Amino acid sequence: MTQRAGPAVPTGSARPLSERRPLGDRAFQLIALASGLLVLVILLLIAFSTTQQASSWFTTEGWGIFGKTWNPASNQFGALAFIYGTAITAAIALVIAVPVSVGVALLLTEVVPYRWARPIVYVIDLLAVVPSVVWGLWGILVFAPWIQTIYGSIGSAVQGVPVLGALFGPPVSGASFFTAGIILAFMITPIVTSLSREVIATVPAIEREGAYALGATRLEMIRGAVWPHSKGGIVGAVLLGLGRAMGETIAAALVIGSSATITSHLFAPGYNMPAVIANQFGEASGEFRAALIGLGVLLFAFTIIINIIARGIVERSARRQRGA
Amino acid sequence: MAVAAEYRMPDLRDPAGWRRTKNRIATILMVLAFVLVIIPLGFVLYTVIAKGVSVISWSFLTGPIVPQVVPADVGGIGPAVLGTLEITGIATLMAVPLGVLGAIYLNEYGGKGVLARLIGFMSDVMTGVPSIVMGLFLFSIWVLHFGFSGFAGALALACLMLPIVIRSTYEMLRLVPDPLREASYAVGATKARVTTTVVLPAALGGIVSGALLAIARAAGETAPLLFTILTVTTANPNIFSGANTAIPTQIFSNAASPYVGAQSRAWGAALTLIVIAFILMIAARIVTARFTRYSR
C-alpha cells in the first residue's frame with residue numbers, strides 16, 4: 001500500500017470496509033466462475049471427444065466422406081445422401097415455417113390487444129412442449145398415411161410436367177422428405193415465432209406512431225416502420241430455426257422413410273444426418289460407428305457455425321435498437 | 001374568404017379502395033398463419049388423448065414392459081416411468097445448481113467483461129447443439145469407458161438443460177433492482193452473502209419456473225438417451241450401472257413396430273409423457289404468477 005497525501009476522500013467507487021475479502025466470499029466467486037466456464041469446457045469436449053472417436057473415418061476416407069455411396073456391408077461410408085437430405089428437409093421446413101411464424105409474430109405484436117396475445121403465446125408454447133418422439137409417433141402412424149393419398153393425387157397430376165414432375169411426381173410415399181419437412185416445420189415454428197416477436201417488439205413506438213400519423217394503413221406501417229428495423233433480427237431468428245431443423249432427430253428418424261438416396265423427388269423416401277445416426281447406431285461398430293459419430297461431428301460443426309452467425313445477428317440487431 | 005373555400009381538408013377517414021383491401025388481406029393472412037399453427041397442434045393432442053386415454057391405467061403405468069407382439073391391454077411401461085423419473089431427476093440435480101451459479105457469474109461477477117460475454121454468447125449457442133450430438137458426446141466420453149447407465153443419460157440431459165437454465169436465470173437476475181444490492185452492501189454484507197440472501201430470493205420465482213420448463217423439455221428428449229441408456233425392458237433401479245430405459249426411448253422403439261399392441265402402448269406412453277410435460281408447464285405458470293416479484 002502506498003501512502004496517499006491528504007485525507008482519503010472517497011471517490012467514485014466505494015472502498016470495501018476490510019481490504020481482505022473473506023475466504024467464503026472468494027470461494028463463492030470461484031465456484032460461480034467455474035460453473036460459467038463449464039459451458040466452454042463442455043463445448044470443447046464435445047468437439048474433441050467426438051472428433052477423436054470419428055478420426056478413423058476422416059483419415060481413411062479423406063474427401064471420400066462426401067462420397068455418394070453409403071453401404072456399411074461393403075465398408076463404404078459416403079455421407080453426401082444424408083447431407084443432401086438434411087439440406088432438403090431443413091429447406092422445406094423453413095419454407096413452411098418462416099411465413100407462418102413471422103405472420104403469427106406480427107399478429108401478436110401489431111394486431112391483437114395484449115390480453116389476447118397472452119393466450120396465443122401459451123398455445124404456441126404448447127407446440128414447443130410436445131416432445132419430438134410424440135411428433136414422430138403421430139407422424140408415422142397418423143399423418144403419413146393420411147398425406148400419402150394427397151401426395152398420390154398431386155403426383156399423378158404433375159407427372160410428365162417438366163419441373164413439377166421432377167419435384168412432386170411419383171414415386172410417392174407417406175414417409176418422405178416432404179413429410180419430414182412438414183413435421184420439422186411444426187417443431188421449429190415456436191422458436192422462430194418467439195424470437196421474431198422479440199425482435200419486432202424492439203421497434204420504437206415513435207416510428208409506428210409516426211407512420212400511422214402520416215395516414216399509413218397497418219400493412220404500410222409494417223412495411224415502412226417495422227420491417228426495416230427488424231429484418232436483420234428476423235434473419236437471425238430464421239437461421240436459429242434452420243439450426244434446429246437440421247439437428248432435430250427423432251421425429252425425422254421416424255417419418256423420413258430411411259432410404260439413402262439422392263433424388264429430386266420430394267415425395268420419395270430419403271434420409272438425413274441425425275436420422276441415420278439414430279437408426280443405425282445400435283448395430284454399428286468399428287469403422288461403421290466411427291462414420292456415424294463422424295456424421296455427428298459434421299452436424300455439430302454445421303449447427304455451431306449457423307448458431308454463432310444467427311446469435312451474432314440477433315445480438316447486433318438488439319444492440320442497435322437499444323442504441324437508437 | 002375565397003382562399004378558405006378553395007382549401008380542401010385531407011381525407012382523414014379510413015383509407016379506401018385498394019389500400020384498404022391490401023391491409024385487410026394482410027390481416028387475414030396473419031390470422032390464417034395462427035390457424036395453420038393451431039390445426040396440427042390440435043390434431044396431435046386430439047390423437048394422443050383419444051388413443052392414449054383408454055390405455056392409461058395404474059397397471060399400465062406400473063406394469064412390466066412386454067414384448068411387442070403381445071396384444072394391447074396387456075403390460076405397461078413401469079420400468080420406463082421409473083427410468084424417466086430417475087434420469088430426469090439426477091439431470092436436474094446437476095444442471096440446475098450449476099446453471100444458476102453460471103448465471104450468477106454472468107450477472108453478478110462477470111458484468112460486461114470479455115469472458116462473461118463470451119460465456120453468455122456460447123451458452124446461447126449451446127442451446128442450439130442438436131440433442132443427438134449430446135448423446136454421441138456422452139457415448140464417446142462416458143459409455144465407452146464406464147458402460148451404459150442411467151447416469152450417462154442423466155449427464156446428456158444435464159448438458160442440454162445447462163444453457164437453458166443459465167439463460168432463464170440470467171434474465172431473472174438482471175431484473176433484480178440494483179438498490180436492493182446496494183442497500184445490503186451498505187450494511188457491510190459481502191458479495192457472496194448479498195447474492196445468496198438478497199438477490200437469489202428476490203429472483204427465486206422466475207428461476208424455479210425457468211428450471212421447470214427446462215425439466216419439461218429434458219423429460220421428453222429421446223435422442224440423447226438412445227446411446228447412453230440403451231433402452232432395456234426390465235426395471236433397473238440402480239442408475240449408476242447397467243442399461244436402463246425411459247418413456248421416450250420406449251415410444252421410439254414401439255413407434256416403428258407393426259404390431260397393434262405395441263402401437264397402442266406407444267400412444268399410452270406418449271399421453272403419459274405429454275401429461276408430465278403439461279404438469280411441469282402449468283406448475284411453471286403458477287410459480288410465475290404467484291412468486292415472481294420482478295418481471296419484464
# chains A, B, ... in the order shown; residues from 1 in each chain; ligands from 1
>>> interface_residues(of="chain B", to="chain A", cutoff="6 Å", atoms="only C-alpha atoms", output="number ranges by chain")
B: 23, 30, 33-34, 98, 101-102, 105, 125, 130, 133, 137, 192, 220, 255, 270
>>> write_last_selection(atoms="C-alpha atoms", output="tab-separated table (two decimals), in the first residue's frame")
chain	number	residue	atom	x	y	z
B	23	ASN	CA	-54.42	-4.14	-45.49
B	30	MET	CA	-51.79	-13.25	-40.23
B	33	ALA	CA	-50.98	-18.23	-40.05
B	34	PHE	CA	-52.19	-18.70	-36.49
B	98	LEU	CA	-24.59	-25.35	-11.97
B	101	LEU	CA	-24.21	-20.50	-10.42
B	102	GLY	CA	-23.16	-19.87	-14.01
B	105	TYR	CA	-21.20	-15.40	-12.52
B	125	VAL	CA	-25.04	-21.10	-28.94
B	130	PRO	CA	-28.56	-30.93	-31.56
B	133	VAL	CA	-24.80	-34.75	-30.65
B	137	PHE	CA	-20.67	-36.91	-26.88
B	192	ALA	CA	-21.50	-13.83	-1.72
B	220	GLY	CA	-39.29	-35.62	-23.48
B	255	ALA	CA	-43.46	-46.44	-32.92
B	270	ALA	CA	-46.99	-40.62	-25.35
>>> residues_around(residues="B:Ala183", least_positions_apart="6", cutoff="10 Å", atoms="only C-alpha atoms", output="list of chain:residue names")
B:Ala189, B:Val194, B:Val198
>>> residues_around(residues="B:Val96", least_positions_apart="2", cutoff="7 Å", atoms="only C-alpha atoms", output="list in words")
Thr92, Leu93, Met94, Leu98, Gly99, Val100, Leu162, Val165 and Ala211 of chain B
>>> closest_residue(among="B:Ala26, B:Val74, B:Val44, B:Leu32", to="B:Val260", atoms="only C-alpha atoms")
B:Val74
>>> residues_around(residues="B:Ala283", least_positions_apart="5", cutoff="10 Å", atoms="only C-alpha atoms", output="ChimeraX atom specification")
/B:208-209,212-213,277-278,288-289
>>> closest_residue(among="B:Leu204, B:Leu155, B:Ala269, B:Ala284", to="B:Ser57", atoms="only C-alpha atoms")
B:Ala269
>>> residues_around(residues="A:Glu207", least_positions_apart="5", cutoff="9 Å", atoms="only C-alpha atoms", output="PyMOL selection string")
chain A and resi 212+221+225-226
>>> write_last_selection(atoms="C-alpha atoms", output="PDB file, in the first residue's frame")
ATOM      1  CA  TYR A 212     -49.817   5.940 -38.596  1.00  0.00           C
ATOM      2  CA  MET A 221     -46.803   0.814 -41.331  1.00  0.00           C
ATOM      3  CA  ALA A 225     -41.513   1.109 -39.941  1.00  0.00           C
ATOM      4  CA  VAL A 226     -41.403  -2.468 -38.598  1.00  0.00           C
TER       5      VAL A 226
END
>>> residues_around(residues="stretch 62-68 of chain A", least_positions_apart="2", cutoff="12 Å", atoms="only C-alpha atoms", output="ChimeraX atom specification")
/A:54-60,70-71,75-84,260-263,290-292,294-295,297-298
>>> atom_distance(atom1="atom CA of B:Phe252", atom2="atom CA of A:His265")
27.0 Å
>>> residues_around(residues="A:Gly152", least_positions_apart="2", cutoff="12 Å", atoms="only C-alpha atoms", output="PDB file with C-alpha atoms, in the first residue's frame")
ATOM      1  CA  ALA A 144     -48.024 -40.057 -43.153  1.00  0.00           C
ATOM      2  CA  PRO A 145     -50.834 -42.485 -44.142  1.00  0.00           C
ATOM      3  CA  TRP A 146     -53.239 -39.524 -44.453  1.00  0.00           C
ATOM      4  CA  ILE A 147     -50.965 -37.324 -46.558  1.00  0.00           C
ATOM      5  CA  GLN A 148     -49.864 -40.206 -48.778  1.00  0.00           C
ATOM      6  CA  THR A 149     -53.205 -40.034 -50.646  1.00  0.00           C
ATOM      7  CA  ILE A 150     -52.688 -36.282 -51.202  1.00  0.00           C
ATOM      8  CA  ILE A 154     -50.570 -34.422 -56.721  1.00  0.00           C
ATOM      9  CA  GLY A 155     -48.034 -36.885 -58.106  1.00  0.00           C
ATOM     10  CA  SER A 156     -50.303 -38.255 -60.812  1.00  0.00           C
ATOM     11  CA  ALA A 157     -51.463 -34.725 -61.712  1.00  0.00           C
ATOM     12  CA  VAL A 158     -47.965 -33.350 -62.326  1.00  0.00           C
ATOM     13  CA  GLN A 159     -46.440 -36.496 -63.821  1.00  0.00           C
ATOM     14  CA  PHE A 168     -43.563 -33.762 -56.962  1.00  0.00           C
ATOM     15  CA  GLY A 169     -44.051 -36.681 -59.347  1.00  0.00           C
ATOM     16  CA  PRO A 170     -44.002 -40.359 -58.374  1.00  0.00           C
ATOM     17  CA  PRO A 171     -42.597 -42.321 -56.630  1.00  0.00           C
ATOM     18  CA  VAL A 172     -44.615 -41.101 -53.653  1.00  0.00           C
ATOM     19  CA  SER A 173     -44.509 -42.389 -50.115  1.00  0.00           C
ATOM     20  CA  GLY A 174     -46.122 -41.242 -46.874  1.00  0.00           C
ATOM     21  CA  PHE A 267     -42.357 -37.120 -52.015  1.00  0.00           C
ATOM     22  CA  ALA A 268     -39.873 -40.011 -52.123  1.00  0.00           C
TER      23      ALA A 268
END
>>> atom_distance(atom1="atom CA of A:Gly270", atom2="atom CA of A:Ala252")
10.1 Å
>>> select_by_dssp(residues="stretch 7-252 of chain A", states="helix (DSSP H, G or I)", output="ChimeraX atom specification")
/A:23-66,72-74,80-111,114-129,132-158,162-168,177-201,205-213,218-247,250-252
>>> atom_distance(atom1="atom CA of A:Gly165", atom2="atom CA of A:Met273")
26.4 Å
>>> closest_residue(among="B:Gly75, B:Gly128, B:Ile239, B:Gly135", to="A:Ile191", atoms="only C-alpha atoms")
B:Gly128
>>> closest_residue(among="B:Arg20, B:Arg174, B:Arg265, B:Arg167", to="B:Ala80", atoms="only C-alpha atoms")
B:Arg265
